[in-house]
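Pasted below: input26.csv, CSV, C-alpha atoms.
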```
chain,number,residue,atom,x,y,z
A,1,MET,CA,21.3,-3.7,12.2
A,2,ARG,CA,25.0,-4.3,11.9
A,3,SER,CA,25.1,-8.0,12.5
A,4,PRO,CA,23.8,-10.4,9.9
A,5,PHE,CA,23.0,-12.8,12.7
A,6,LEU,CA,20.9,-10.3,14.5
A,7,SER,CA,18.9,-9.3,11.4
A,8,SER,CA,18.4,-13.0,10.5
A,9,ALA,CA,17.2,-13.7,14.0
A,10,VAL,CA,14.7,-10.8,13.8
A,11,PHE,CA,13.6,-12.0,10.4
A,12,ILE,CA,13.1,-15.6,11.6
A,13,GLY,CA,11.3,-14.3,14.7
A,14,ILE,CA,8.8,-12.4,12.7
A,15,VAL,CA,8.3,-15.3,10.3
A,16,ALA,CA,7.6,-17.5,13.3
A,17,LEU,CA,5.2,-15.0,14.8
A,18,ALA,CA,3.3,-14.3,11.6
A,19,THR,CA,-0.1,-16.0,11.3
A,20,PRO,CA,-1.9,-15.9,8.0
A,21,ALA,CA,-3.7,-12.6,7.9
A,22,LEU,CA,-6.9,-12.9,5.9
A,23,ALA,CA,-6.8,-9.2,5.0
A,24,HIS,CA,-10.4,-9.2,3.9
A,25,ALA,CA,-13.0,-9.6,6.7
A,26,HIS,CA,-14.3,-13.2,6.4
A,27,LEU,CA,-17.0,-14.4,8.8
A,28,LEU,CA,-15.5,-16.9,11.2
A,29,ARG,CA,-18.6,-17.7,13.4
A,30,ALA,CA,-21.9,-16.2,14.5
A,31,VAL,CA,-24.3,-16.5,17.4
A,32,PRO,CA,-26.8,-17.9,16.7
A,33,ALA,CA,-24.6,-20.1,14.6
A,34,ALA,CA,-25.0,-20.3,10.8
A,35,GLY,CA,-27.4,-23.2,10.0
A,36,SER,CA,-28.3,-23.7,13.7
A,37,THR,CA,-31.7,-24.1,15.3
A,38,VAL,CA,-32.4,-22.2,18.5
A,39,LYS,CA,-35.2,-22.5,21.1
A,40,ALA,CA,-35.4,-19.0,22.5
A,41,SER,CA,-35.7,-15.7,20.5
A,42,PRO,CA,-32.2,-14.3,20.5
A,43,THR,CA,-31.7,-10.7,21.9
A,44,GLU,CA,-28.8,-10.0,19.6
A,45,LEU,CA,-26.7,-11.3,16.8
A,46,ARG,CA,-22.9,-11.6,17.2
A,47,LEU,CA,-20.8,-12.0,14.1
A,48,LYS,CA,-17.1,-12.7,14.6
A,49,PHE,CA,-14.9,-11.8,11.6
A,50,SER,CA,-11.3,-12.5,10.7
A,51,GLU,CA,-10.4,-8.7,10.8
A,52,GLY,CA,-11.3,-5.6,12.7
A,53,LEU,CA,-14.2,-3.8,11.0
A,54,GLU,CA,-15.1,-0.2,10.1
A,55,LEU,CA,-18.5,0.1,11.8
A,56,ALA,CA,-19.7,2.9,9.6
A,57,PHE,CA,-19.5,0.7,6.5
A,58,SER,CA,-20.6,-2.7,8.0
A,59,GLY,CA,-24.0,-4.0,8.8
A,60,VAL,CA,-26.7,-6.7,8.4
A,61,THR,CA,-30.2,-7.1,7.3
A,62,VAL,CA,-32.4,-9.9,8.8
A,63,THR,CA,-35.3,-11.3,6.9
A,64,GLY,CA,-38.0,-13.8,8.0
A,65,SER,CA,-39.5,-16.7,6.0
A,66,ASP,CA,-42.0,-14.2,4.5
A,67,HIS,CA,-39.1,-12.1,3.1
A,68,ALA,CA,-40.0,-9.2,5.3
A,69,ALA,CA,-37.1,-7.3,7.0
A,70,ILE,CA,-36.9,-7.7,10.8
A,71,LYS,CA,-36.4,-4.6,12.9
A,72,ILE,CA,-32.9,-4.4,14.2
A,73,GLY,CA,-31.1,-2.1,16.6
A,74,ALA,CA,-28.0,0.0,15.8
A,75,PRO,CA,-25.0,-2.3,15.2
A,76,SER,CA,-21.9,-1.8,17.3
A,77,LEU,CA,-18.5,-3.4,17.6
A,78,ASP,CA,-17.6,-5.4,20.7
A,79,PRO,CA,-15.4,-3.0,22.8
A,80,ALA,CA,-13.2,-6.0,23.7
A,81,ASP,CA,-12.9,-7.2,20.1
A,82,PRO,CA,-13.3,-4.9,17.1
A,83,ALA,CA,-13.7,-7.9,14.9
A,84,VAL,CA,-17.1,-8.7,16.5
A,85,LEU,CA,-20.2,-7.0,15.1
A,86,VAL,CA,-23.1,-6.9,17.6
A,87,VAL,CA,-26.6,-6.4,16.3
A,88,PRO,CA,-29.4,-6.0,18.9
A,89,LEU,CA,-32.8,-7.6,18.1
A,90,PRO,CA,-35.3,-5.5,20.1
A,91,GLY,CA,-38.5,-7.5,19.3
A,92,ASP,CA,-39.4,-11.1,19.9
A,93,LEU,CA,-39.0,-13.2,16.8
A,94,LYS,CA,-41.8,-15.5,15.7
A,95,PRO,CA,-40.9,-19.2,15.1
A,96,GLY,CA,-39.4,-19.7,11.6
A,97,ARG,CA,-36.3,-19.4,9.5
A,98,TYR,CA,-34.3,-16.2,9.4
A,99,ALA,CA,-31.7,-15.1,6.8
A,100,VAL,CA,-28.9,-12.8,7.8
A,101,ASP,CA,-27.3,-10.8,5.0
A,102,TRP,CA,-24.1,-9.2,6.2
A,103,HIS,CA,-21.7,-6.8,4.6
A,104,ALA,CA,-18.4,-5.9,6.2
A,105,THR,CA,-15.6,-3.4,5.6
A,106,ALA,CA,-12.3,-4.3,7.2
A,107,THR,CA,-9.9,-1.7,8.5
A,108,ASP,CA,-7.8,-2.2,5.3
A,109,THR,CA,-10.9,-0.8,3.5
A,110,HIS,CA,-11.8,-4.0,1.7
A,111,LYS,CA,-15.4,-5.1,1.5
A,112,THR,CA,-16.9,-8.6,1.9
A,113,LYS,CA,-20.4,-9.8,2.1
A,114,GLY,CA,-22.3,-13.0,2.8
A,115,ARG,CA,-25.4,-14.7,3.9
A,116,TYR,CA,-26.3,-17.4,6.5
A,117,ASP,CA,-29.5,-18.4,8.2
A,118,PHE,CA,-30.8,-19.8,11.5
A,119,THR,CA,-34.1,-21.3,12.6
A,120,LEU,CA,-36.2,-20.5,15.7
A,121,THR,CA,-38.3,-23.4,17.0
A,122,PRO,CA,-39.4,-23.0,20.6
B,1,MET,CA,-13.5,-5.4,-10.7
B,2,SER,CA,-15.9,-2.5,-10.8
B,3,VAL,CA,-15.2,0.7,-12.6
B,4,VAL,CA,-14.7,2.5,-9.3
B,5,ALA,CA,-12.2,-0.1,-8.1
B,6,ALA,CA,-10.3,0.2,-11.4
B,7,ALA,CA,-10.3,4.0,-11.1
B,8,LEU,CA,-9.0,3.7,-7.5
B,9,GLY,CA,-6.2,1.4,-8.7
B,10,LEU,CA,-5.1,3.9,-11.3
B,11,VAL,CA,-5.2,6.7,-8.8
B,12,GLU,CA,-3.2,4.7,-6.3
B,13,TRP,CA,-0.6,3.9,-8.9
B,14,LEU,CA,-0.1,7.5,-10.0
B,15,HIS,CA,-0.1,8.6,-6.4
B,16,VAL,CA,2.6,6.2,-5.2
B,17,ALA,CA,4.6,6.7,-8.4
B,18,ALA,CA,4.6,10.5,-7.9
B,19,ALA,CA,5.6,10.2,-4.3
B,20,MET,CA,8.5,7.8,-5.1
B,21,LEU,CA,9.7,10.0,-8.0
B,22,LEU,CA,9.8,13.0,-5.7
B,23,PHE,CA,11.3,11.3,-2.7
B,24,GLY,CA,14.0,9.2,-4.5
B,25,GLY,CA,14.9,12.1,-6.8
B,26,GLU,CA,15.2,14.8,-4.1
B,27,ALA,CA,17.1,12.4,-1.8
B,28,PHE,CA,19.5,11.5,-4.6
B,29,LEU,CA,20.2,15.2,-5.4
B,30,ALA,CA,20.4,16.1,-1.7
B,31,PHE,CA,22.7,13.4,-0.4
B,32,LEU,CA,24.6,11.7,-3.3
B,33,VAL,CA,25.2,14.4,-6.0
B,34,PRO,CA,28.1,16.9,-5.5
B,35,ASP,CA,26.7,20.4,-5.1
B,36,GLY,CA,27.6,22.0,-8.4
B,37,LEU,CA,26.0,19.2,-10.4
B,38,ALA,CA,23.1,18.9,-8.0
B,39,ILE,CA,22.2,22.6,-8.7
B,40,ARG,CA,22.2,22.0,-12.4
B,41,LEU,CA,20.2,18.8,-12.2
B,42,ALA,CA,17.7,20.5,-9.8
B,43,ARG,CA,17.2,23.2,-12.4
B,44,GLU,CA,16.5,20.6,-15.2
B,45,ARG,CA,14.2,18.8,-12.8
B,46,ARG,CA,11.8,21.8,-12.2
B,47,ARG,CA,9.8,20.8,-15.2
B,48,LEU,CA,9.2,17.4,-13.7
B,49,VAL,CA,8.8,18.4,-10.0
B,50,GLY,CA,5.9,20.8,-10.5
B,51,PRO,CA,3.6,18.3,-12.4
B,52,ALA,CA,4.6,15.5,-10.0
B,53,ALA,CA,3.6,17.6,-7.0
B,54,ALA,CA,0.3,18.6,-8.7
B,55,LEU,CA,-0.3,14.9,-9.6
B,56,LEU,CA,0.4,13.9,-6.0
B,57,GLY,CA,-2.1,16.3,-4.6
B,58,LEU,CA,-4.8,15.6,-7.1
B,59,THR,CA,-4.5,11.8,-6.8
B,60,GLY,CA,-4.3,12.1,-3.0
B,61,PHE,CA,-7.7,13.8,-3.1
B,62,ALA,CA,-9.2,11.5,-5.7
B,63,TRP,CA,-8.1,8.5,-3.6
B,64,ILE,CA,-10.6,9.6,-0.9
B,65,LEU,CA,-13.5,10.0,-3.3
B,66,PHE,CA,-13.0,6.6,-5.0
B,67,GLN,CA,-12.3,4.9,-1.6
B,68,ALA,CA,-15.6,6.3,-0.3
B,69,GLY,CA,-17.4,5.1,-3.3
B,70,LEU,CA,-16.0,1.6,-2.8
B,71,MET,CA,-16.6,1.5,1.0
B,72,ALA,CA,-20.2,2.7,0.7
B,73,GLY,CA,-20.7,0.3,-2.2
B,74,ASP,CA,-22.3,3.1,-4.2
B,75,PRO,CA,-20.6,5.4,-6.8
B,76,ALA,CA,-23.0,8.2,-5.7
B,77,ALA,CA,-21.3,8.2,-2.3
B,78,MET,CA,-18.2,9.8,-4.0
B,79,THR,CA,-20.0,13.1,-4.1
B,80,ASP,CA,-22.0,12.8,-0.9
B,81,PRO,CA,-20.5,15.1,1.8
B,82,ALA,CA,-21.9,13.0,4.7
B,83,THR,CA,-20.3,9.8,3.5
B,84,LEU,CA,-17.0,11.6,2.8
B,85,ALA,CA,-17.1,13.1,6.3
B,86,THR,CA,-17.7,9.6,7.7
B,87,VAL,CA,-14.8,8.1,5.7
B,88,LEU,CA,-12.4,10.9,6.8
B,89,THR,CA,-13.3,11.0,10.5
B,90,GLY,CA,-14.9,7.7,11.3
B,91,THR,CA,-12.5,5.2,9.7
B,92,ALA,CA,-8.9,4.2,10.3
B,93,PHE,CA,-8.2,4.9,6.6
B,94,GLY,CA,-9.6,8.4,6.7
B,95,GLN,CA,-7.7,9.4,9.8
B,96,ALA,CA,-4.4,8.1,8.4
B,97,TRP,CA,-5.1,9.8,5.1
B,98,LEU,CA,-5.8,13.2,6.6
B,99,VAL,CA,-2.3,13.1,8.2
B,100,HIS,CA,-0.9,12.0,4.8
B,101,LEU,CA,-2.6,14.8,2.8
B,102,GLY,CA,-1.4,17.3,5.4
B,103,LEU,CA,2.2,16.2,4.7
B,104,VAL,CA,1.5,16.3,0.9
B,105,ALA,CA,0.3,19.9,1.2
B,106,ILE,CA,3.5,20.9,3.2
B,107,LEU,CA,5.7,19.1,0.6
B,108,ALA,CA,3.9,20.9,-2.3
B,109,GLY,CA,4.4,24.2,-0.5
B,110,ALA,CA,8.2,23.5,0.0
B,111,LEU,CA,8.5,22.5,-3.7
B,112,VAL,CA,6.8,25.7,-4.8
B,113,ALA,CA,9.0,27.8,-2.5
B,114,GLN,CA,12.0,25.9,-4.0
B,115,ALA,CA,13.2,24.8,-0.6
B,116,ARG,CA,16.6,23.1,-0.5
B,117,CYS,CA,16.8,19.5,-1.5
B,118,PRO,CA,17.5,18.0,2.0
B,119,VAL,CA,14.2,19.7,3.2
B,120,THR,CA,12.1,18.5,0.2
B,121,ALA,CA,13.7,15.0,0.5
B,122,VAL,CA,12.6,14.6,4.1
B,123,LEU,CA,9.1,16.0,3.5
B,124,ALA,CA,8.7,13.7,0.4
B,125,GLY,CA,9.9,10.8,2.6
B,126,LEU,CA,7.3,11.6,5.2
B,127,ALA,CA,4.6,11.8,2.5
B,128,LEU,CA,5.7,8.5,1.0
B,129,ALA,CA,6.0,6.8,4.4
B,130,THR,CA,2.4,7.7,5.5
B,131,ILE,CA,1.0,5.8,2.4
B,132,GLY,CA,2.1,2.7,4.4
B,133,LEU,CA,-0.4,3.5,7.1
B,134,VAL,CA,-3.4,2.3,5.0
B,135,GLY,CA,-4.1,-1.0,3.3
B,136,HIS,CA,-3.1,-4.5,4.1
B,137,ALA,CA,-0.6,-3.5,6.8
B,138,THR,CA,-3.5,-2.5,9.1
B,139,ILE,CA,-4.7,-6.1,9.4
B,140,HIS,CA,-2.6,-7.1,12.4
B,141,ALA,CA,-3.3,-5.6,15.9
B,142,GLY,CA,-0.7,-4.9,18.6
B,143,LEU,CA,3.1,-5.2,18.2
B,144,LEU,CA,2.8,-7.4,15.1
B,145,GLY,CA,0.7,-4.6,13.5
B,146,LEU,CA,3.3,-2.0,14.3
B,147,ALA,CA,6.1,-4.3,12.9
B,148,HIS,CA,4.0,-4.8,9.7
B,149,ARG,CA,3.4,-1.1,9.2
B,150,ALA,CA,7.1,-0.3,10.0
B,151,ASN,CA,8.2,-2.9,7.5
B,152,LEU,CA,5.9,-1.6,4.8
B,153,ILE,CA,7.0,2.0,5.4
B,154,LEU,CA,10.6,0.9,5.1
B,155,HIS,CA,9.8,-1.0,1.9
B,156,LEU,CA,8.1,2.0,0.4
B,157,LEU,CA,11.0,4.3,1.3
B,158,LEU,CA,13.7,2.0,0.0
B,159,ALA,CA,11.8,1.2,-3.2
B,160,GLY,CA,11.2,4.9,-3.7
B,161,ALA,CA,14.8,5.7,-3.0
B,162,TRP,CA,15.8,3.3,-5.7
B,163,LEU,CA,13.2,4.0,-8.3
B,164,GLY,CA,13.0,7.8,-7.8
B,165,ALA,CA,16.8,8.2,-8.0
B,166,LEU,CA,16.9,6.5,-11.4
B,167,VAL,CA,15.4,9.5,-13.1
B,168,PRO,CA,18.0,12.2,-12.1
B,169,LEU,CA,20.6,9.4,-12.5
B,170,LEU,CA,19.8,9.5,-16.2
B,171,GLY,CA,20.7,13.2,-16.1
B,172,VAL,CA,24.0,12.3,-14.3
B,173,MET,CA,24.7,9.8,-17.1
B,174,ARG,CA,24.2,12.5,-19.8
B,175,CYS,CA,26.7,14.7,-17.9
B,176,LEU,CA,29.4,12.0,-18.3
B,177,ALA,CA,29.9,13.2,-21.8
B,178,GLU,CA,30.6,16.8,-20.7
B,179,PRO,CA,34.3,17.3,-19.7
B,180,ALA,CA,33.3,20.1,-17.2
B,181,GLN,CA,30.8,17.9,-15.4
B,182,ARG,CA,32.4,14.5,-15.8
B,183,SER,CA,34.3,14.3,-12.5
B,184,ASP,CA,31.1,15.2,-10.4
B,185,ALA,CA,29.1,12.8,-12.5
B,186,VAL,CA,31.5,10.0,-11.8
B,187,VAL,CA,31.4,10.8,-8.0
B,188,ALA,CA,27.6,10.7,-8.1
B,189,LEU,CA,27.5,7.4,-10.0
B,190,ARG,CA,30.0,5.8,-7.6
B,191,ARG,CA,28.1,6.9,-4.5
B,192,PHE,CA,24.8,5.7,-6.0
B,193,SER,CA,26.4,2.3,-6.8
B,194,SER,CA,27.8,1.8,-3.3
B,195,ILE,CA,24.6,2.8,-1.5
B,196,GLY,CA,22.5,1.0,-4.1
B,197,HIS,CA,23.7,-2.4,-3.1
B,198,GLY,CA,22.4,-2.0,0.4
B,199,VAL,CA,19.1,-0.3,-0.7
B,200,VAL,CA,18.3,-3.0,-3.3
B,201,ALA,CA,19.1,-5.8,-0.8
B,202,LEU,CA,16.9,-4.2,1.8
B,203,VAL,CA,14.0,-3.7,-0.7
B,204,LEU,CA,14.1,-7.5,-1.3
B,205,VAL,CA,14.3,-8.4,2.4
B,206,THR,CA,11.4,-6.0,3.4
B,207,GLY,CA,9.4,-7.2,0.4
B,208,ALA,CA,9.8,-10.8,1.4
B,209,LEU,CA,8.9,-9.9,5.0
B,210,ASN,CA,5.8,-8.2,3.9
B,211,THR,CA,4.8,-11.3,2.0
B,212,VAL,CA,5.3,-13.4,5.1
B,213,LEU,CA,3.2,-10.9,7.2
B,214,VAL,CA,0.3,-10.9,4.7
B,215,LEU,CA,0.3,-14.5,3.6
B,216,GLY,CA,1.8,-16.3,6.6
B,217,ALA,CA,4.2,-17.9,4.2
B,218,LEU,CA,7.2,-16.9,2.1
B,219,LEU,CA,6.2,-18.7,-1.0
B,220,PRO,CA,3.1,-17.5,-2.8
B,221,ASP,CA,0.5,-20.0,-3.8
B,222,ALA,CA,0.5,-20.0,-7.7
B,223,THR,CA,-3.1,-21.2,-7.8
B,224,SER,CA,-4.6,-18.0,-6.2
B,225,PRO,CA,-4.8,-14.6,-8.1
B,226,TYR,CA,-2.8,-13.0,-5.3
B,227,GLY,CA,-0.1,-15.6,-5.6
B,228,ARG,CA,0.1,-15.3,-9.4
B,229,LEU,CA,0.4,-11.5,-9.2
B,230,LEU,CA,3.1,-11.8,-6.6
B,231,LEU,CA,5.1,-14.2,-8.7
B,232,GLY,CA,4.7,-11.7,-11.6
B,233,LYS,CA,6.0,-8.9,-9.4
B,234,VAL,CA,9.0,-11.1,-8.3
B,235,ALA,CA,9.9,-11.8,-11.9
B,236,LEU,CA,9.8,-8.1,-12.8
B,237,VAL,CA,11.9,-7.2,-9.7
B,238,ALA,CA,14.4,-10.0,-10.7
B,239,ALA,CA,14.7,-8.4,-14.1
B,240,MET,CA,15.4,-5.0,-12.5
B,241,VAL,CA,18.0,-6.4,-10.2
B,242,TRP,CA,19.6,-8.2,-13.2
B,243,ILE,CA,19.8,-4.9,-15.2
B,244,ALA,CA,21.2,-3.1,-12.2
B,245,VAL,CA,23.9,-5.7,-11.7
B,246,TRP,CA,24.7,-5.7,-15.4
B,247,ASN,CA,25.0,-1.9,-15.4
B,248,ARG,CA,27.2,-1.9,-12.4
B,249,TYR,CA,29.5,-4.8,-13.2
B,250,VAL,CA,29.6,-4.9,-17.0
B,251,LEU,CA,28.9,-1.4,-18.4
B,252,VAL,CA,30.3,0.9,-15.7
B,253,PRO,CA,33.8,-0.7,-15.7
B,254,ASN,CA,33.8,-0.3,-19.5
B,255,LEU,CA,32.9,3.4,-19.6
B,256,ARG,CA,36.4,4.6,-20.1
B,257,ALA,CA,37.4,2.0,-22.7
B,258,THR,CA,34.2,1.7,-24.7
B,259,PRO,CA,32.3,5.0,-25.4
B,260,ALA,CA,29.2,3.0,-26.5
B,261,ALA,CA,28.8,1.7,-22.9
B,262,ALA,CA,27.5,5.1,-21.8
B,263,GLY,CA,24.6,4.8,-24.3
B,264,SER,CA,23.7,1.3,-23.2
B,265,LEU,CA,23.9,2.4,-19.6
B,266,HIS,CA,21.4,5.2,-20.2
B,267,ARG,CA,19.0,3.0,-22.2
B,268,LEU,CA,19.1,0.1,-19.7
B,269,THR,CA,18.5,2.6,-16.8
B,270,ALA,CA,15.5,4.1,-18.6
B,271,LEU,CA,14.2,0.5,-19.2
B,272,ASN,CA,14.5,0.0,-15.4
B,273,VAL,CA,12.4,3.1,-14.7
B,274,THR,CA,9.7,1.6,-17.0
B,275,ILE,CA,9.9,-1.9,-15.4
B,276,GLY,CA,9.7,-0.1,-12.0
B,277,GLY,CA,6.5,1.6,-13.1
B,278,ALA,CA,5.1,-1.8,-14.0
B,279,VAL,CA,6.2,-3.2,-10.6
B,280,LEU,CA,4.3,-0.4,-8.9
B,281,LEU,CA,1.1,-1.2,-10.9
B,282,VAL,CA,1.3,-4.9,-9.9
B,283,SER,CA,1.9,-3.8,-6.2
B,284,VAL,CA,-1.2,-1.6,-6.3
B,285,VAL,CA,-3.4,-4.5,-7.7
B,286,LEU,CA,-1.9,-6.8,-5.0
B,287,GLY,CA,-3.0,-4.3,-2.4
B,288,MET,CA,-6.6,-4.6,-3.6
B,289,THR,CA,-6.6,-8.4,-4.0
B,290,ASP,CA,-7.7,-10.7,-1.2
B,291,PRO,CA,-4.6,-12.7,-0.2
B,292,LEU,CA,-6.5,-15.7,0.9
B,293,PRO,CA,-9.9,-15.8,-0.8
B,294,ALA,CA,-12.5,-17.8,1.2
```
Could I get this structure in the form of structure tokens?
Amino acid sequence: MRSPFLSSAVFIGIVALATPALAHAHLLRAVPAAGSTVKASPTELRLKFSEGLELAFSGVTVTGSDHAAIKIGAPSLDPADPAVLVVPLPGDLKPGRYAVDWHATATDTHKTKGRYDFTLTP
Amino acid sequence: MSVVAAALGLVEWLHVAAAMLLFGGEAFLAFLVPDGLAIRLARERRRLVGPAAALLGLTGFAWILFQAGLMAGDPAAMTDPATLATVLTGTAFGQAWLVHLGLVAILAGALVAQARCPVTAVLAGLALATIGLVGHATIHAGLLGLAHRANLILHLLLAGAWLGALVPLLGVMRCLAEPAQRSDAVVALRRFSSIGHGVVALVLVTGALNTVLVLGALLPDATSPYGRLLLGKVALVAAMVWIAVWNRYVLVPNLRATPAAAGSLHRLTALNVTIGGAVLLVSVVLGMTDPLPA
């Protein structure tokens, strides 16, 4: 880059484009939402993170009010958005409160984990 | 920080340091030192190059093991072939690292075969550059992600060119005292100085750009661990730049008139190598720290 004007313009352009990158995968939102109450048994959980995930090292466990683990299907990443973890729930859930413990590994290899819950009341 | 994370940090530090030592040193000898002096310095350097290449290979391999232990959240995974296979073939880190280790192996072969400096310099540059394919630079997708990786690779290469050149530069400074080598040594010093201005300036620009790309801001937040580490790195780099400027504009012009200036130049350059090592360590810890903790 010979011209200082050109290099400054590129620098300012990149500064303007840059949005804060969280670098570690933080949970942005989930379906069913954290703390929400739903009427119908969900067929899947969708967890939207701030970063793309490594599927092999990301996952969830779901436990009911009796602290028993709920059977879940094999997690996958949304083909349209690698920052969304999709977890099928093959069986119907009984009414009650469910805890979702998640662990996520971002593509930068950093790990995060967390927990939220939702309630099913038909 | 867990024991595995601390071990990975140590491994990363040694790996990046070895790659920079090899790239900067080989590039300096290949492109800035006149042939006669370069052959002599390359001979002196053999004791350093062999262990550095061995360290690069060993730490490159150990990096995978500790990374697998961290990703699986279980130290036992470090020796589990299935987990290691998943890390190498099923993650963005593993795929980039296989390319990197392939280049490290080719570089080691070239060094063992005592290939000419331009060849080893280019291979070491490729090995150093591919370290930029993993870590925080992978967080953006699309064009911005490409720009982030390109900027980090440029930053690694420029920092490596500076830091790695300082070691054979110490040899050049010792040759100033030998009448037979003095003219070649002065030529090498002059070339290093003129190119050094641009390299150091670009190290600072690409470093600032990397901060913007990771943080979304140029100024680090002094209340977060990442921000404090970054301010520490900036202070260390400022000390290195100050020493470089002092060497160039106070000591070098005095070399002819004051014989003691050569000793000071050698000592301050050795000090800059040490500070550079500390900068690398802080950079590695930055790479493992959450820039914006929730």
* With all atoms listed in the file as the atoms that count, which of A:Leu55, A:Ala25, A:Ala30, A:Leu45 lies nearest to Asp108 in chain A? -> A:Ala25
* Calculate how many Å separate CA of Val112 in chain B from CA of Gly50 in chain B, rounding to one decimal. => 7.6 Å
* To do: Report as a count of residues only the set of chain B residues whose atoms approach chain A to within 9 Å, with distances computed over only C-alpha atoms.
  => 37
* Using all atoms listed in the file, which residues sit within 7 Å of Ala188 in chain B once same-chain residues fewer than 3 positions away are excluded, as a ChimeraX atom specification? -> /B:32-34,184-185,191-192
* **Å distance separating CA of Val234 in chain B from CA of Ala62 in chain B, one decimal place** =>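 Interatomic distance here is 29.1 Å.
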* Neighbours of Leu21 in chain B within 8 Å (all atoms listed in the file; same-chain residues fewer than 5 positions away dropped), as number ranges by chain? -> B: 52, 160, 163-165, 167
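Using all atoms listed in the file for every distance, the candidate list A:Ala40, A:Leu47, A:Val60, A:Ala69 yields A:Ala40 as the residue closest to Pro95 in chain A.
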* To do: Kindly give the distance, in Å, that separates CA of Leu103 in chain B and CA of Ala278 in chain B, rounded to a single decimal.
  =>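 Result for CA of Leu103 in chain B versus CA of Ala278 in chain B: 26.1 Å, one decimal.
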* Non-local contacts of Tyr116 in chain A (12 Å; all atoms listed in the file; under 3 positions in same chain excluded) as number ranges by chain -> A: 27-36, 45, 47, 60-63, 97-103, 113, 119
What lies within 12 Å of Val99 in chain B using all atoms listed in the file, ignoring chain neighbours under 4 positions off, as a compact mmCIF listing (two decimals) with C-alpha atoms, in the frame of the given file?
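Heads up, here's the output in part.txt:
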```
# COMPACT_ATOMS: atom_id res chain seq x y z
CA GLY B 60 -4.30 12.10 -3.00
CA LEU B 88 -12.40 10.90 6.80
CA THR B 89 -13.30 11.00 10.50
CA ALA B 92 -8.90 4.20 10.30
CA PHE B 93 -8.20 4.90 6.60
CA GLY B 94 -9.60 8.40 6.70
CA GLN B 95 -7.70 9.40 9.80
CA LEU B 103 2.20 16.20 4.70
CA VAL B 104 1.50 16.30 0.90
CA ALA B 105 0.30 19.90 1.20
CA ILE B 106 3.50 20.90 3.20
CA LEU B 126 7.30 11.60 5.20
CA ALA B 127 4.60 11.80 2.50
CA LEU B 128 5.70 8.50 1.00
CA ALA B 129 6.00 6.80 4.40
CA THR B 130 2.40 7.70 5.50
CA ILE B 131 1.00 5.80 2.40
CA GLY B 132 2.10 2.70 4.40
CA LEU B 133 -0.40 3.50 7.10
CA VAL B 134 -3.40 2.30 5.00
```
* Between A:Lys48, A:Asp92, A:Ser76, A:Lys71, single out the one closest to Pro122 in chain A, counting all atoms listed in the file. =>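 For Pro122 in chain A, the nearest of the given residues is A:Asp92.
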* Could you tell me which of A:Thr43, A:Arg115, A:Gly59, A:Ala68 comes closest to Val84 in chain A if we count only C-alpha atoms? =>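 Of A:Thr43, A:Arg115, A:Gly59, A:Ala68, the one nearest Val84 in chain A, counting only C-alpha atoms, is A:Gly59.
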Working from the structure I just supplied, which lacks atoms in range 59-69 of chain B, can you model N, CA and C atoms there and output them as a short mmCIF file (atom, residue, chain, number, x, y, z; two decimals), keeping the file's coordinate frame?
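File produced: part.cif:
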```cif
data_model
loop_
_atom_site.label_atom_id
_atom_site.label_comp_id
_atom_site.auth_asym_id
_atom_site.auth_seq_id
_atom_site.Cartn_x
_atom_site.Cartn_y
_atom_site.Cartn_z
N THR B 59 -4.23 13.21 -7.02
CA THR B 59 -4.50 11.80 -6.80
C THR B 59 -4.78 11.49 -5.34
N GLY B 60 -4.11 12.25 -4.44
CA GLY B 60 -4.30 12.10 -3.00
C GLY B 60 -5.78 12.37 -2.65
N PHE B 61 -6.31 13.42 -3.29
CA PHE B 61 -7.70 13.80 -3.10
C PHE B 61 -8.66 12.84 -3.73
N ALA B 62 -8.35 12.46 -4.98
CA ALA B 62 -9.20 11.50 -5.70
C ALA B 62 -9.29 10.18 -5.01
N TRP B 63 -8.19 9.78 -4.36
CA TRP B 63 -8.10 8.50 -3.60
C TRP B 63 -9.27 8.42 -2.63
N ILE B 64 -9.50 9.54 -1.89
CA ILE B 64 -10.60 9.60 -0.90
C ILE B 64 -11.94 9.34 -1.55
N LEU B 65 -12.16 10.04 -2.68
CA LEU B 65 -13.50 10.00 -3.30
C LEU B 65 -13.75 8.52 -3.80
N PHE B 66 -12.78 7.92 -4.49
CA PHE B 66 -13.00 6.60 -5.00
C PHE B 66 -13.09 5.56 -3.84
N GLN B 67 -12.26 5.78 -2.81
CA GLN B 67 -12.30 4.90 -1.60
C GLN B 67 -13.67 4.96 -0.97
N ALA B 68 -14.23 6.18 -0.88
CA ALA B 68 -15.60 6.30 -0.30
C ALA B 68 -16.61 5.62 -1.11
N GLY B 69 -16.49 5.75 -2.45
CA GLY B 69 -17.40 5.10 -3.30
C GLY B 69 -17.38 3.56 -3.14
#
```
